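Asker: My questions will all concern the structure given below.
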Amino acid sequence: MIIRETQPYSLAGQVAAFLKSDNVPTAWSQEDGWMMTLCARSALRAILLYLRDSGVLADKTAQILAPQWACTTLYQTFHKLCFPANRPNPDLRGVMIYHQYGFPQNMKAISERCQEDGLFVIENSVNCFESHWRDCDDADQDLRIGSIFSFPKLFPVVLGGALQTDDAHLRQFARDLAPGEATSHFAKFWTYWARLLDDKGRYTALGNPLIMSQAMAYAISDYSQVMPRPTRNILTAPAVAAWLNQRCQNYARLYENLESTGAFDHLEPDIAPYVVPLKVPGGKAEGVAAALDDAGFRIGIYNFDTNRNVFEPRFERTVLVPVHAGLGDDDMDKIVAVVRSRL
Ligand SMILES: Cc1ncc(COP(=O)(O)O)c(C=O)c1O
């Protein structure tokens with residue numbers, strides 16, 4: 001069996017969630033500034049439109065410093081409304097900080113720099129459950145415009161995201177966008193089915209055309225602000241708590257058993273990450289990744305910002321391993337054994 005970085009969802013589960021009554025509350029309370037959206041990029045689009053509308057971003061040349069290691073489609077959303085810079089420069093208006101794989105950026109340093117340079121903060125929390133910025137005493141809360149979330153990365157859902165902001169005007173602005181856009185229903189329908197079919201069809205003869213439809217869906221998915229009904233019904237408070245708990249347990253087990261190898265030297269123990277970027281000694285990453293692949297864990301080697309600072313990232317090659325809630329102790333022990341055998 002192939003194990004990927006995300007927890008697989010069942011088609012039957014999606015159908016059951018679709019048929020359920022629509023009144024099930026999601027795990028995040030609206031009173032606390034949360035708004036459920038179609039995906040993280042639709043939440044980002046609402047923020048950018050708001051900043052354009054209020055004149056903070058003058059036009060498409062206005063620059064926001066963006067993380068250098070994010071999915072391509074994130075930059076597409078920026079490009080529609082402003083310009084994502086990949087280096088600090090005097091023309092920046094704001095900065096997006098991305099807590100890569102759920103590991104918090106150095107918010108104290110970033111907050112101080114943003115205060116000095118007069119920059120706003122958009123928090124990319126797509127790999128997190130809550131806003132790290134909001135929970136951080138060292139971060140200037142007035143700098144944060146809002147935070148964006150992407151739930152398929154943490155939970156077994158096809159599509160779904162959120163915007164969290166303490167700015168009531170932004171919330172109202174985003175709410176008003178939801179029904180107002182001509183493309184929004186089409187974007188939601190098309191994106192949902194394209195992603196579902198792509199995921200389930202990737203390893204079949206239907207693969208290539210499905211991947212094309214997925215690419216097209218990505219191009220329009222930020223035009224809808226509405227979370228799909230199955231996602232809303234699946235992300236209930238008890239289910240979310242159980243999945244996060246399992247994720248934390250998996251991470252703790254890996255930490256405990258691999259800490260002595262140095263693979264966790266750059267990581268903190270108490271966290272619920274999306275995936276774990278293991279640091280392995282120079283030249284061994286390929287061997288570890290290949291051995292994990294042979295054992296069915298299919299993720300690979302990625303760059304991880306060990307400096308945790310979008311202004312001065314230090315990208316290092318790391319081997320990613322999954323800790324999602326579809327896995328348990330046996331899987332973690334298997335990962336530990338494979339990694340140790342190649343160090
Ligand atoms: C860093 C980052 N931000 C944002 C996104 C977009 O998330 P969504 O597909 O929910 O819009 C991704 C996609 O994987 C991502 O990797």
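Letters A, B, ... go to the chains of the structure tokens in the order shown; residues in each chain start at 1; ligands are counted from 1 in the same order.
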May I ask you to write as a ChimeraX atom specification all residues lying at most 6 Å from ligand 1, with only C-alpha atoms and all ligand atoms counted?

Answerer: /A:39-41,70-71,74,126,150,161

Asker: Could those selected residues go to a file with C-alpha atoms, as a compact mmCIF listing (two decimals), in the first residue's frame?

Answerer:
```txt
# COMPACT_ATOMS: atom_id res chain seq x y z
CA CYS A 39 -9.83 26.59 0.06
CA ALA A 40 -6.92 28.55 1.50
CA ARG A 41 -6.47 30.50 -1.72
CA ALA A 70 4.90 26.99 -1.48
CA CYS A 71 2.62 25.41 -4.06
CA LEU A 74 -0.55 30.18 -4.23
CA VAL A 126 -2.30 25.97 5.78
CA SER A 150 -6.28 24.50 4.22
CA GLY A 161 -10.22 26.18 3.96
```

Asker: Fewer than 2 positions away in the same chain doesn't count, so skip those; otherwise give me all residues within 7 Å of region 8-24 of chain A, counting only C-alpha atoms, as an NGL selection string.

Answerer: :A and (6 or 26 or 156-157 or 229-230 or 233-234)

Asker: Between A:Ala252, A:Ala337, A:Met227, A:Met96, single out the one closest to Thr191 (chain A), counting only C-alpha atoms.

Answerer: A:Met227

Asker: Point out the residue among A:Gly102, A:Pro67, A:Gly326, A:Gly146 with the least atom-to-atom distance to Pro88 (chain A), counting only C-alpha atoms.

Answerer: A:Pro67

Asker: Out of A:Asn250, A:Ala66, A:Ala290, A:Phe304, which residue has the shortest atom-to-atom distance to Glu123 (chain A) when counting only C-alpha atoms?

Answerer: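 Between A:Asn250, A:Ala66, A:Ala290, A:Phe304, the residue approaching Glu123 (chain A) most closely is A:Ala66.
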
Asker: Find the residues around Ile2 (chain A) up to 7 Å (only C-alpha atoms counted), leave out those fewer than 5 positions away in its own chain, and share them as a CSV table (one decimal) with N, CA and C atoms, in the first residue's frame.

Answerer:
```csv
chain,number,residue,atom,x,y,z
A,296,GLY,N,6.9,1.9,1.1
A,296,GLY,CA,5.5,2.4,0.8
A,296,GLY,C,5.2,3.8,1.2
A,297,PHE,N,6.2,4.5,1.9
A,297,PHE,CA,6.0,5.9,2.3
A,297,PHE,C,6.5,6.8,1.2
A,298,ARG,N,5.6,7.4,0.5
A,298,ARG,CA,5.9,8.1,-0.8
A,298,ARG,C,5.8,9.6,-0.6
```

Asker: Rank nothing, just name the residue among A:Lys108, A:Ala215, A:Tyr98, A:Gln249 nearest to Gln76 (chain A), using only C-alpha atoms.

Answerer: A:Ala215

Asker: Which is closer to Ser54 (chain A) than all the others in A:Leu119, A:Glu31, A:Leu170, A:Arg4, using only C-alpha atoms?

Answerer: A:Leu170
